Each structure stands twice: as C-alpha cells, then as structure tokens.
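Undergrad: This is final21.cif (mmCIF, C-alpha atoms).
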data_target
loop_
_atom_site.group_PDB
_atom_site.id
_atom_site.type_symbol
_atom_site.label_atom_id
_atom_site.label_comp_id
_atom_site.auth_asym_id
_atom_site.auth_seq_id
_atom_site.Cartn_x
_atom_site.Cartn_y
_atom_site.Cartn_z
ATOM 1 C CA MET U 11 0.000 0.000 0.000
ATOM 2 C CA THR U 12 1.306 3.448 -0.921
ATOM 3 C CA HIS U 13 0.756 5.826 1.957
ATOM 4 C CA LYS U 14 -0.053 9.478 1.409
ATOM 5 C CA SER U 15 0.787 12.352 3.721
ATOM 6 C CA VAL U 16 -1.804 14.271 5.738
ATOM 7 C CA VAL U 17 -1.806 17.075 3.179
ATOM 8 C CA GLU U 18 -2.513 14.590 0.355
ATOM 9 C CA LEU U 19 -5.298 12.680 2.102
ATOM 10 C CA ARG U 20 -8.655 13.835 0.753
ATOM 11 C CA LEU U 21 -12.231 12.673 1.092
ATOM 12 C CA PRO U 22 -14.062 11.749 -2.123
ATOM 13 C CA GLU U 23 -15.771 14.689 -3.807
ATOM 14 C CA VAL U 24 -19.470 15.253 -3.202
ATOM 15 C CA ASP U 25 -21.430 16.751 -6.095
ATOM 16 C CA LEU U 26 -24.891 16.905 -7.639
ATOM 17 C CA VAL U 27 -24.456 13.340 -8.889
ATOM 18 C CA THR U 28 -24.176 12.323 -5.236
ATOM 19 C CA ALA U 29 -27.394 14.198 -4.463
ATOM 20 C CA ASP U 30 -29.191 12.561 -7.400
ATOM 21 C CA ARG U 31 -28.024 9.087 -6.376
ATOM 22 C CA LEU U 32 -29.021 9.441 -2.729
ATOM 23 C CA SER U 33 -32.380 11.043 -3.489
ATOM 24 C CA ALA U 34 -33.220 8.301 -6.007
ATOM 25 C CA LYS U 35 -32.397 5.581 -3.472
ATOM 26 C CA LEU U 36 -34.415 7.371 -0.804
ATOM 27 C CA ARG U 37 -37.385 7.684 -3.151
ATOM 28 C CA ASP U 38 -37.226 3.979 -3.987
ATOM 29 C CA TYR U 39 -37.001 2.994 -0.324
ATOM 30 C CA ALA U 40 -39.897 5.270 0.650
ATOM 31 C CA GLY U 41 -42.188 3.513 -1.787
ATOM 32 C CA GLY U 42 -44.715 6.332 -1.716
ATOM 33 C CA LYS U 43 -44.753 6.705 2.070
ATOM 34 C CA LYS U 44 -44.516 10.065 3.789
ATOM 35 C CA LEU U 45 -41.103 10.964 5.196
ATOM 36 C CA ILE U 46 -40.894 12.258 8.779
ATOM 37 C CA VAL U 47 -37.849 14.362 9.688
ATOM 38 C CA GLY U 48 -36.802 15.952 12.956
ATOM 39 C CA VAL U 49 -35.405 19.378 12.081
ATOM 40 C CA SER U 50 -33.058 20.984 14.595
ATOM 41 C CA GLY U 51 -31.611 23.892 12.643
ATOM 42 C CA GLY U 52 -28.275 22.105 12.219
ATOM 43 C CA VAL U 53 -26.544 21.051 9.015
ATOM 44 C CA ASP U 54 -27.349 17.326 9.183
ATOM 45 C CA SER U 55 -31.103 17.702 9.628
ATOM 46 C CA ALA U 56 -31.224 20.582 7.140
ATOM 47 C CA THR U 57 -29.406 18.567 4.475
ATOM 48 C CA THR U 58 -31.563 15.527 5.197
ATOM 49 C CA LEU U 59 -34.699 17.632 4.833
ATOM 50 C CA ALA U 60 -33.529 19.089 1.516
ATOM 51 C CA LEU U 61 -32.667 15.601 0.261
ATOM 52 C CA CYS U 62 -36.119 14.319 1.262
ATOM 53 C CA VAL U 63 -37.790 17.151 -0.638
ATOM 54 C CA LYS U 64 -35.651 16.383 -3.684
ATOM 55 C CA ALA U 65 -36.579 12.706 -3.386
ATOM 56 C CA VAL U 66 -40.345 12.809 -2.866
ATOM 57 C CA GLY U 67 -41.475 16.435 -3.050
ATOM 58 C CA SER U 68 -42.297 18.796 -0.202
ATOM 59 C CA GLU U 69 -45.911 17.615 -0.032
ATOM 60 C CA ASN U 70 -44.730 14.160 1.056
ATOM 61 C CA VAL U 71 -42.464 15.359 3.867
ATOM 62 C CA LEU U 72 -43.374 16.350 7.426
ATOM 63 C CA GLY U 73 -40.876 18.313 9.491
ATOM 64 C CA LEU U 74 -40.955 18.298 13.284
ATOM 65 C CA ILE U 75 -39.236 20.874 15.474
ATOM 66 C CA MET U 76 -38.856 19.575 19.041
ATOM 67 C CA PRO U 77 -36.997 22.065 21.220
ATOM 68 C CA ASP U 78 -36.315 21.997 24.915
ATOM 69 C CA THR U 79 -36.705 25.716 25.494
ATOM 70 C CA ARG U 80 -34.093 25.680 28.266
ATOM 71 C CA THR U 81 -31.255 24.293 26.162
ATOM 72 C CA THR U 82 -32.221 24.630 22.488
ATOM 73 C CA PRO U 83 -30.904 27.945 21.129
ATOM 74 C CA GLN U 84 -33.748 30.113 19.831
ATOM 75 C CA GLU U 85 -31.609 30.838 16.768
ATOM 76 C CA ASP U 86 -31.690 27.123 15.896
ATOM 77 C CA VAL U 87 -35.488 27.040 16.139
ATOM 78 C CA LYS U 88 -35.698 30.125 13.923
ATOM 79 C CA ASP U 89 -33.303 28.610 11.374
ATOM 80 C CA ALA U 90 -35.346 25.390 11.316
ATOM 81 C CA GLU U 91 -38.618 27.259 10.811
ATOM 82 C CA GLU U 92 -37.166 29.417 8.041
ATOM 83 C CA LEU U 93 -35.747 26.400 6.213
ATOM 84 C CA LEU U 94 -39.031 24.494 6.418
ATOM 85 C CA THR U 95 -40.840 27.534 5.041
ATOM 86 C CA LEU U 96 -38.229 27.958 2.298
ATOM 87 C CA LEU U 97 -38.643 24.324 1.226
ATOM 88 C CA LYS U 98 -42.458 24.546 1.546
ATOM 89 C CA VAL U 99 -42.572 21.614 3.964
ATOM 90 C CA LYS U 100 -45.529 21.219 6.316
ATOM 91 C CA HIS U 101 -44.255 21.285 9.862
ATOM 92 C CA GLU U 102 -45.216 21.226 13.506
ATOM 93 C CA LYS U 103 -43.441 22.317 16.654
ATOM 94 C CA HIS U 104 -43.676 20.477 19.960
ATOM 95 C CA THR U 105 -41.686 21.637 22.966
ATOM 96 C CA ILE U 106 -40.503 18.686 25.031
ATOM 97 C CA ASP U 107 -39.952 20.524 28.331
ATOM 98 C CA SER U 108 -42.909 19.028 30.196
ATOM 99 C CA ILE U 109 -42.199 15.486 28.978
ATOM 100 C CA VAL U 110 -38.551 15.730 30.006
ATOM 101 C CA ASP U 111 -39.555 17.207 33.366
ATOM 102 C CA ALA U 112 -41.805 14.217 34.027
ATOM 103 C CA TYR U 113 -38.837 11.866 33.567
ATOM 104 C CA ARG U 114 -36.579 14.151 35.588
ATOM 105 C CA SER U 115 -39.040 14.211 38.481
ATOM 106 C CA GLU U 116 -39.986 10.536 38.468
ATOM 107 C CA LEU U 117 -36.405 9.272 38.116
ATOM 108 C CA SER U 118 -34.684 12.069 40.064
ATOM 109 C CA VAL U 119 -32.345 12.693 37.123
ATOM 110 C CA LEU U 120 -29.499 15.066 37.961
ATOM 111 C CA ASP U 121 -26.807 14.081 35.448
ATOM 112 C CA ALA U 122 -26.856 16.255 32.294
ATOM 113 C CA LYS U 123 -25.753 13.423 29.995
ATOM 114 C CA LEU U 124 -28.435 11.038 31.264
ATOM 115 C CA LEU U 125 -31.045 13.750 30.840
ATOM 116 C CA GLY U 126 -29.700 14.505 27.365
ATOM 117 C CA ASN U 127 -30.213 10.892 26.320
ATOM 118 C CA ILE U 128 -33.781 11.051 27.647
ATOM 119 C CA LYS U 129 -34.389 14.113 25.454
ATOM 120 C CA ALA U 130 -33.127 12.287 22.369
ATOM 121 C CA ARG U 131 -35.404 9.328 23.117
ATOM 122 C CA VAL U 132 -38.406 11.578 23.721
ATOM 123 C CA ARG U 133 -37.859 13.082 20.285
ATOM 124 C CA MET U 134 -37.624 9.611 18.752
ATOM 125 C CA THR U 135 -40.976 8.738 20.355
ATOM 126 C CA ILE U 136 -42.625 11.832 18.885
ATOM 127 C CA LEU U 137 -41.204 11.101 15.429
ATOM 128 C CA TYR U 138 -42.568 7.562 15.525
ATOM 129 C CA TYR U 139 -45.942 8.775 16.756
ATOM 130 C CA TYR U 140 -46.283 10.706 13.519
ATOM 131 C CA ALA U 141 -44.825 7.879 11.452
ATOM 132 C CA ASN U 142 -47.431 5.507 12.918
ATOM 133 C CA LYS U 143 -50.220 8.043 12.494
ATOM 134 C CA LEU U 144 -49.381 8.805 8.871
ATOM 135 C CA GLY U 145 -48.020 5.429 7.797
ATOM 136 C CA GLY U 146 -44.679 7.076 7.138
ATOM 137 C CA LEU U 147 -40.977 6.502 7.708
ATOM 138 C CA VAL U 148 -38.690 8.208 10.198
ATOM 139 C CA VAL U 149 -35.708 9.542 8.273
ATOM 140 C CA GLY U 150 -32.564 9.715 10.393
ATOM 141 C CA THR U 151 -30.217 12.670 10.124
ATOM 142 C CA GLY U 152 -26.972 11.080 11.327
ATOM 143 C CA ASP U 153 -23.837 11.124 9.187
ATOM 144 C CA ARG U 154 -20.986 8.619 8.879
ATOM 145 C CA SER U 155 -18.732 10.566 11.248
ATOM 146 C CA GLU U 156 -21.320 10.459 14.028
ATOM 147 C CA LEU U 157 -22.113 6.810 13.402
ATOM 148 C CA LEU U 158 -18.476 5.698 13.540
ATOM 149 C CA LEU U 159 -17.650 7.829 16.582
ATOM 150 C CA GLY U 160 -20.813 6.757 18.388
ATOM 151 C CA TYR U 161 -21.944 10.353 18.652
ATOM 152 C CA PHE U 162 -25.646 9.596 18.859
ATOM 153 C CA THR U 163 -28.079 8.250 21.427
ATOM 154 C CA LYS U 164 -28.861 4.561 21.168
ATOM 155 C CA TYR U 165 -32.592 4.260 20.408
ATOM 156 C CA GLY U 166 -32.767 8.056 20.420
ATOM 157 C CA ASP U 167 -31.571 9.856 17.301
ATOM 158 C CA GLY U 168 -30.167 6.440 16.359
ATOM 159 C CA GLY U 169 -33.699 4.984 16.298
ATOM 160 C CA VAL U 170 -34.758 5.545 12.680
ATOM 161 C CA ASP U 171 -35.920 3.737 9.539
ATOM 162 C CA ILE U 172 -33.287 4.964 7.096
ATOM 163 C CA LEU U 173 -30.077 7.036 7.167
ATOM 164 C CA PRO U 174 -29.638 8.787 3.805
ATOM 165 C CA LEU U 175 -26.506 10.625 5.001
ATOM 166 C CA GLY U 176 -24.996 7.611 6.735
ATOM 167 C CA SER U 177 -22.342 7.099 4.056
ATOM 168 C CA LEU U 178 -21.130 10.718 4.130
ATOM 169 C CA TYR U 179 -18.692 12.269 6.576
ATOM 170 C CA LYS U 180 -19.620 15.518 8.323
ATOM 171 C CA THR U 181 -17.489 17.677 6.052
ATOM 172 C CA GLN U 182 -19.075 16.008 3.007
ATOM 173 C CA VAL U 183 -22.544 16.698 4.420
ATOM 174 C CA ARG U 184 -21.720 20.393 4.648
ATOM 175 C CA ARG U 185 -20.761 20.359 0.964
ATOM 176 C CA LEU U 186 -23.925 18.466 -0.008
ATOM 177 C CA GLY U 187 -26.080 20.834 2.027
ATOM 178 C CA ALA U 188 -24.630 23.812 0.178
ATOM 179 C CA LEU U 189 -25.291 22.113 -3.165
ATOM 180 C CA LEU U 190 -28.909 21.474 -2.151
ATOM 181 C CA GLY U 191 -29.470 25.114 -1.271
ATOM 182 C CA VAL U 192 -29.252 24.955 2.510
ATOM 183 C CA PRO U 193 -28.517 28.507 3.764
ATOM 184 C CA SER U 194 -24.848 29.135 4.512
ATOM 185 C CA LYS U 195 -25.555 30.131 8.124
ATOM 186 C CA ILE U 196 -26.764 26.561 8.703
ATOM 187 C CA VAL U 197 -24.092 24.891 6.571
ATOM 188 C CA ASN U 198 -21.324 26.630 8.515
ATOM 189 C CA LYS U 199 -22.895 26.412 11.969
ATOM 190 C CA PRO U 200 -20.904 24.429 14.579
ATOM 191 C CA SER U 201 -22.590 21.058 15.100
ATOM 192 C CA SER U 202 -24.391 20.500 18.401
ATOM 193 C CA PRO U 203 -27.201 18.223 19.577
ATOM 194 C CA ALA U 204 -28.043 20.988 22.112
ATOM 195 C CA LEU U 205 -28.897 18.457 24.806
ATOM 196 C CA TRP U 206 -27.455 20.781 27.423
ATOM 197 C CA ALA U 207 -26.427 24.430 27.480
ATOM 198 C CA GLY U 208 -23.217 25.255 25.625
ATOM 199 C CA GLN U 209 -22.786 21.766 24.167
ATOM 200 C CA THR U 210 -20.878 21.467 20.891
ATOM 201 C CA ALA U 211 -20.012 18.245 19.099
ATOM 202 C CA GLU U 212 -16.350 19.070 18.570
ATOM 203 C CA GLY U 213 -15.978 20.276 22.150
ATOM 204 C CA GLU U 214 -17.447 17.079 23.528
ATOM 205 C CA LEU U 215 -15.534 14.799 21.173
ATOM 206 C CA GLY U 216 -12.307 16.735 21.565
ATOM 207 C CA ILE U 217 -11.596 16.576 17.809
ATOM 208 C CA LYS U 218 -12.332 18.836 14.852
ATOM 209 C CA TYR U 219 -14.451 17.103 12.222
ATOM 210 C CA GLU U 220 -12.051 18.133 9.455
ATOM 211 C CA VAL U 221 -9.409 15.995 11.166
ATOM 212 C CA ALA U 222 -11.656 13.225 12.483
ATOM 213 C CA ASP U 223 -13.166 12.670 9.031
ATOM 214 C CA LEU U 224 -9.782 12.039 7.434
ATOM 215 C CA ILE U 225 -8.763 9.654 10.215
ATOM 216 C CA LEU U 226 -12.054 7.765 9.948
ATOM 217 C CA TYR U 227 -11.730 7.617 6.160
ATOM 218 C CA GLY U 228 -8.218 6.243 6.428
ATOM 219 C CA LEU U 229 -9.173 3.627 9.014
ATOM 220 C CA THR U 230 -12.439 2.393 7.520
ATOM 221 C CA GLU U 231 -12.071 2.850 3.769
ATOM 222 C CA LEU U 232 -8.374 2.963 2.931
ATOM 223 C CA GLY U 233 -7.240 0.129 5.176
ATOM 224 C CA TYR U 234 -4.823 2.199 7.247
ATOM 225 C CA ARG U 235 -3.908 1.200 10.780
ATOM 226 C CA ALA U 236 -3.737 3.757 13.562
ATOM 227 C CA SER U 237 0.058 3.619 13.448
ATOM 228 C CA ASP U 238 -0.019 4.321 9.703
ATOM 229 C CA LEU U 239 -2.002 7.509 10.292
ATOM 230 C CA VAL U 240 0.402 8.646 12.983
ATOM 231 C CA GLY U 241 3.172 8.053 10.464
ATOM 232 C CA LEU U 242 1.355 10.287 7.982
ATOM 233 C CA GLY U 243 1.515 13.163 10.435
ATOM 234 C CA PHE U 244 -1.694 12.932 12.443
ATOM 235 C CA GLY U 245 -1.228 13.461 16.172
ATOM 236 C CA ALA U 246 -1.047 10.138 18.014
ATOM 237 C CA GLU U 247 -3.355 11.346 20.779
ATOM 238 C CA ILE U 248 -6.058 12.306 18.282
ATOM 239 C CA VAL U 249 -5.753 9.105 16.246
ATOM 240 C CA TYR U 250 -6.060 6.898 19.303
ATOM 241 C CA ARG U 251 -8.909 9.048 20.607
ATOM 242 C CA VAL U 252 -10.773 8.233 17.387
ATOM 243 C CA THR U 253 -10.041 4.495 17.559
ATOM 244 C CA ASP U 254 -11.083 4.447 21.213
ATOM 245 C CA LEU U 255 -14.410 6.136 20.442
ATOM 246 C CA MET U 256 -15.017 3.706 17.584
ATOM 247 C CA GLU U 257 -14.303 0.669 19.739
ATOM 248 C CA LYS U 258 -16.383 1.798 22.707
ATOM 249 C CA SER U 259 -19.400 2.598 20.517
ATOM 250 C CA THR U 260 -19.420 -0.663 18.539
ATOM 251 C CA HIS U 261 -22.538 -1.842 20.383
ATOM 252 C CA LYS U 262 -24.470 1.164 19.062
ATOM 253 C CA ARG U 263 -23.971 0.035 15.472
ATOM 254 C CA LEU U 264 -25.075 -3.566 15.993
ATOM 255 C CA LEU U 265 -28.476 -5.161 16.290
ATOM 256 C CA PRO U 266 -29.141 -6.787 19.677
ATOM 257 C CA PRO U 267 -27.699 -10.317 19.793
ATOM 258 C CA ILE U 268 -30.259 -13.112 19.580
ATOM 259 C CA LEU U 269 -29.393 -15.961 21.910
ATOM 260 C CA SER U 270 -30.347 -19.564 21.232
#
Since I need it in another form, could you write the structure as structure tokens?

TA:
Amino acid sequence: MTHKSVVELRLPEVDLVTADRLSAKLRDYAGGKKLIVGVSGGVDSATTLALCVKAVGSENVLGLIMPDTRTTPQEDVKDAEELLTLLKVKHEKHTIDSIVDAYRSELSVLDAKLLGNIKARVRMTILYYYANKLGGLVVGTGDRSELLLGYFTKYGDGGVDILPLGSLYKTQVRRLGALLGVPSKIVNKPSSPALWAGQTAEGELGIKYEVADLILYGLTELGYRASDLVGLGFGAEIVYRVTDLMEKSTHKRLLPPILS
C-alpha cells in the first residue's frame, strides 16, 4: 500500500451526482410513504430535509421541530422554521420541556448526559408517533462521522428507519447541504445536539471534524492502521482518541444479539 501524507489525504468529492443518487435511493425505499424528519436547525437535519424534498417532493415530507426551550438555542429554532418555510414543507413544533420534566421528576435525574439521552429518546418517540399516524418513515439525520464515533443516542436519534446521510462524513454533508441550497448560516454552523447548554459536538468529542473525518476515512475505507495515520503526520493522541471512540461505541452500530 502506498501511503499518502496528511496534506494529500482527501475525502471523495461530493457533487450533484451524489445528491441525485441518494435522493433516487431514498425515493425507492420510501415507496410512496410520507417521510418524517426531525429538524433541529443544524446542518445534518437541514441537508436531510432538503434531500427528502428532492426525493419525494415537499408535499410528502413532514418536518418536526422539538426544542427543549431551556437548552435549544432560539436561533436554531428560527433557522429550522425558516428552512421548512423555504422548502415549503408542512411542519409542527412540539416543545418537550414538560415530557422531560416528568422523567426528571420521576427518576430524580441530575446528570446532564443522562437527561440529554432522555431528550433524544423523547424526540424519537414523537417522530414515531407521527410515522405511525401517517403510515410514514422516520428519516434519520446522522452522518458517517457520528455513526463511527458513536456520537448519537442509542434508540434516540439512532432509532430511525433509514439514514440517507450515513455514508457521508460531516465535512461532506456540509458540501452536499450547500449544493442542495441549505442557507450558509446553517451549513457553517458548529454542530451541536443541544442536549445541554453550551454543548458542541467538537468540544465534547475533543476533535475537529475536518481531522476526524480524514482519520475515519483512512481507518475504515483505505485500510490504514492507527500507526499508519500517525506516520502520515496525524497526532497520536487524536488518532487513538478516534479508535477508542469507535471501539467503545461498537454496540451502538449492531443489532441486539439473539441468543439460542
């Protein structure tokens, strides 16, 4: 294997052909069913929404905004509403404060991470309520970077019917979003699940996506070992942080084992 240097390592290009391919596959999988999307105001959900509209038309998509008013930035809610209006997608908004408070009170939840996972699972429940009601499909918004790093809640935002962006790294999603007409303020916004105040994805992971994506690409698609990537010039601490996150989150990417 011929190894490249860090400066030569590049993700595959994303273009309108990519958008056409993914939207066609999504349309085929939907089979005429309505697509249900949780829209947060971030780049992943915005790009997913735009792809759904391209695939099946705005009349066959329902967008749901589900803020916790104490931790969801109002700017994100505004961005989500403006995008849904721009794409002419019917949408509803349900604040989850009272539902989360019921769990917090009953279970005496004090830990922010535990409460954050509850929020993600509450949103999943609301999405599936509408999917059941309308005979539709819940379209997940996760990308390949999040999936490989385990940066999602098991049976929360990971509980979906299809992941149209699951083969694209975060930096590729930003490019696709721009191509699909997602406003630049969303495309360039720092990623955050906003499960608690001040949370950012890169801050929590401790790695910039521009770096993590290249490491993940090298490990999972180019056949590089961690030591190879260190040899290319990536910091050892960052490389092994990525491999550690991948290993510890393996269970999130697998179906439950069936014992016999």

Undergrad: Pick the closest to U:Ser50 from U:Ala65, U:Leu93, U:Leu224, U:Leu72: which is it, counting only C-alpha atoms?

TA: U:Leu93

Undergrad: Let me make sure I understand: among U:Glu212, U:Asp153, U:Asp78, U:Glu116, which one has the smallest atom-to-atom distance to U:Lys103 if we use all atoms listed in the file?

TA: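 Closest residue, counting all atoms listed in the file: U:Asp78.
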
Undergrad: Please evaluate the PyMOL selection byres ((chain U and resi 221) around 12) against the displayed coordinates and give the resulting residues as a PDB file with C-alpha atoms, keeping the file's coordinate frame.

TA:
ATOM      1  CA  VAL U  16      -1.804  14.271   5.738  1.00  0.00           C
ATOM      2  CA  VAL U  17      -1.806  17.075   3.179  1.00  0.00           C
ATOM      3  CA  LEU U  19      -5.298  12.680   2.102  1.00  0.00           C
ATOM      4  CA  ARG U  20      -8.655  13.835   0.753  1.00  0.00           C
ATOM      5  CA  LEU U  21     -12.231  12.673   1.092  1.00  0.00           C
ATOM      6  CA  SER U 155     -18.732  10.566  11.248  1.00  0.00           C
ATOM      7  CA  TYR U 179     -18.692  12.269   6.576  1.00  0.00           C
ATOM      8  CA  LYS U 180     -19.620  15.518   8.323  1.00  0.00           C
ATOM      9  CA  THR U 181     -17.489  17.677   6.052  1.00  0.00           C
ATOM     10  CA  GLU U 212     -16.350  19.070  18.570  1.00  0.00           C
ATOM     11  CA  LEU U 215     -15.534  14.799  21.173  1.00  0.00           C
ATOM     12  CA  GLY U 216     -12.307  16.735  21.565  1.00  0.00           C
ATOM     13  CA  ILE U 217     -11.596  16.576  17.809  1.00  0.00           C
ATOM     14  CA  LYS U 218     -12.332  18.836  14.852  1.00  0.00           C
ATOM     15  CA  TYR U 219     -14.451  17.103  12.222  1.00  0.00           C
ATOM     16  CA  GLU U 220     -12.051  18.133   9.455  1.00  0.00           C
ATOM     17  CA  ALA U 222     -11.656  13.225  12.483  1.00  0.00           C
ATOM     18  CA  ASP U 223     -13.166  12.670   9.031  1.00  0.00           C
ATOM     19  CA  LEU U 224      -9.782  12.039   7.434  1.00  0.00           C
ATOM     20  CA  ILE U 225      -8.763   9.654  10.215  1.00  0.00           C
ATOM     21  CA  LEU U 226     -12.054   7.765   9.948  1.00  0.00           C
ATOM     22  CA  TYR U 227     -11.730   7.617   6.160  1.00  0.00           C
ATOM     23  CA  GLY U 228      -8.218   6.243   6.428  1.00  0.00           C
ATOM     24  CA  LEU U 239      -2.002   7.509  10.292  1.00  0.00           C
ATOM     25  CA  GLY U 243       1.515  13.163  10.435  1.00  0.00           C
ATOM     26  CA  PHE U 244      -1.694  12.932  12.443  1.00  0.00           C
ATOM     27  CA  GLY U 245      -1.228  13.461  16.172  1.00  0.00           C
ATOM     28  CA  ILE U 248      -6.058  12.306  18.282  1.00  0.00           C
ATOM     29  CA  VAL U 249      -5.753   9.105  16.246  1.00  0.00           C
ATOM     30  CA  ARG U 251      -8.909   9.048  20.607  1.00  0.00           C
ATOM     31  CA  VAL U 252     -10.773   8.233  17.387  1.00  0.00           C
TER      32      VAL U 252
END

Undergrad: Which is closer to U:Ala40 than all the others in U:Val99, U:Val149, U:Leu255, U:Leu26, using only C-alpha atoms?

TA: U:Val149

Undergrad: Using atom CA of U:Ile128 and atom CA of U:Ser108 as the two end points, give the distance in Å to one decimal.

TA: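 Straight-line distance from atom CA of U:Ile128 to atom CA of U:Ser108 works out to 12.4 Å.
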
Undergrad: Do you have the atom CA of U:Leu242-atom CA of U:Thr210 distance handy?

TA: 28.0 Å

Undergrad: Considering all atoms listed in the file, can you say which of U:Lys123, U:Pro174, U:Glu85, U:Thr105 comes closest to U:Ala34?

TA: U:Pro174

Undergrad: Extract, using all atoms listed in the file, all DNA, RNA and protein residues at most 12 Å from U:Gly169, discarding same-chain residues fewer than 2 positions from it, and format them as a tab-separated table (two decimals) with C-alpha atoms, in the coordinates of the input.

TA:
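Writing the result to part_30.tsv gives the following:
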chain	number	residue	atom	x	y	z
U	48	GLY	CA	-36.80	15.95	12.96
U	130	ALA	CA	-33.13	12.29	22.37
U	131	ARG	CA	-35.40	9.33	23.12
U	132	VAL	CA	-38.41	11.58	23.72
U	133	ARG	CA	-37.86	13.08	20.28
U	134	MET	CA	-37.62	9.61	18.75
U	135	THR	CA	-40.98	8.74	20.36
U	136	ILE	CA	-42.62	11.83	18.89
U	137	LEU	CA	-41.20	11.10	15.43
U	138	TYR	CA	-42.57	7.56	15.52
U	147	LEU	CA	-40.98	6.50	7.71
U	148	VAL	CA	-38.69	8.21	10.20
U	149	VAL	CA	-35.71	9.54	8.27
U	150	GLY	CA	-32.56	9.72	10.39
U	151	THR	CA	-30.22	12.67	10.12
U	152	GLY	CA	-26.97	11.08	11.33
U	162	PHE	CA	-25.65	9.60	18.86
U	163	THR	CA	-28.08	8.25	21.43
U	164	LYS	CA	-28.86	4.56	21.17
U	165	TYR	CA	-32.59	4.26	20.41
U	166	GLY	CA	-32.77	8.06	20.42
U	167	ASP	CA	-31.57	9.86	17.30
U	171	ASP	CA	-35.92	3.74	9.54
U	172	ILE	CA	-33.29	4.96	7.10
U	173	LEU	CA	-30.08	7.04	7.17
U	262	LYS	CA	-24.47	1.16	19.06
U	263	ARG	CA	-23.97	0.04	15.47
U	265	LEU	CA	-28.48	-5.16	16.29

Undergrad: Going by the chain IDs and residue numbers used in this file, which residues fall under the PyMOL selection byres ((chain U and resi 160) around 7)? Write them as number ranges by chain.

TA: U: 156-159, 161-162, 255-256, 259, 262

Undergrad: Keeping only C-alpha atoms, take the residues you just selected and write them out as an mmCIF file, in the frame of the given file.

TA:
data_model
loop_
_atom_site.group_PDB
_atom_site.id
_atom_site.type_symbol
_atom_site.label_atom_id
_atom_site.label_comp_id
_atom_site.auth_asym_id
_atom_site.auth_seq_id
_atom_site.Cartn_x
_atom_site.Cartn_y
_atom_site.Cartn_z
ATOM 1 C CA GLU U 156 -21.320 10.459 14.028
ATOM 2 C CA LEU U 157 -22.113 6.810 13.402
ATOM 3 C CA LEU U 158 -18.476 5.698 13.540
ATOM 4 C CA LEU U 159 -17.650 7.829 16.582
ATOM 5 C CA TYR U 161 -21.944 10.353 18.652
ATOM 6 C CA PHE U 162 -25.646 9.596 18.859
ATOM 7 C CA LEU U 255 -14.410 6.136 20.442
ATOM 8 C CA MET U 256 -15.017 3.706 17.584
ATOM 9 C CA SER U 259 -19.400 2.598 20.517
ATOM 10 C CA LYS U 262 -24.470 1.164 19.062
#

Undergrad: Grab stretch 130-143 of chain U from that structure and dump C-alpha atoms to a file, as a compact mmCIF listing (two decimals), in the first residue's frame.

TA:
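Once written, out.txt looks like this:
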# COMPACT_ATOMS: atom_id res chain seq x y z
CA ALA U 130 -33.13 12.29 22.37
CA ARG U 131 -35.40 9.33 23.12
CA VAL U 132 -38.41 11.58 23.72
CA ARG U 133 -37.86 13.08 20.28
CA MET U 134 -37.62 9.61 18.75
CA THR U 135 -40.98 8.74 20.35
CA ILE U 136 -42.63 11.83 18.88
CA LEU U 137 -41.20 11.10 15.43
CA TYR U 138 -42.57 7.56 15.53
CA TYR U 139 -45.94 8.78 16.76
CA TYR U 140 -46.28 10.71 13.52
CA ALA U 141 -44.82 7.88 11.45
CA ASN U 142 -47.43 5.51 12.92
CA LYS U 143 -50.22 8.04 12.49
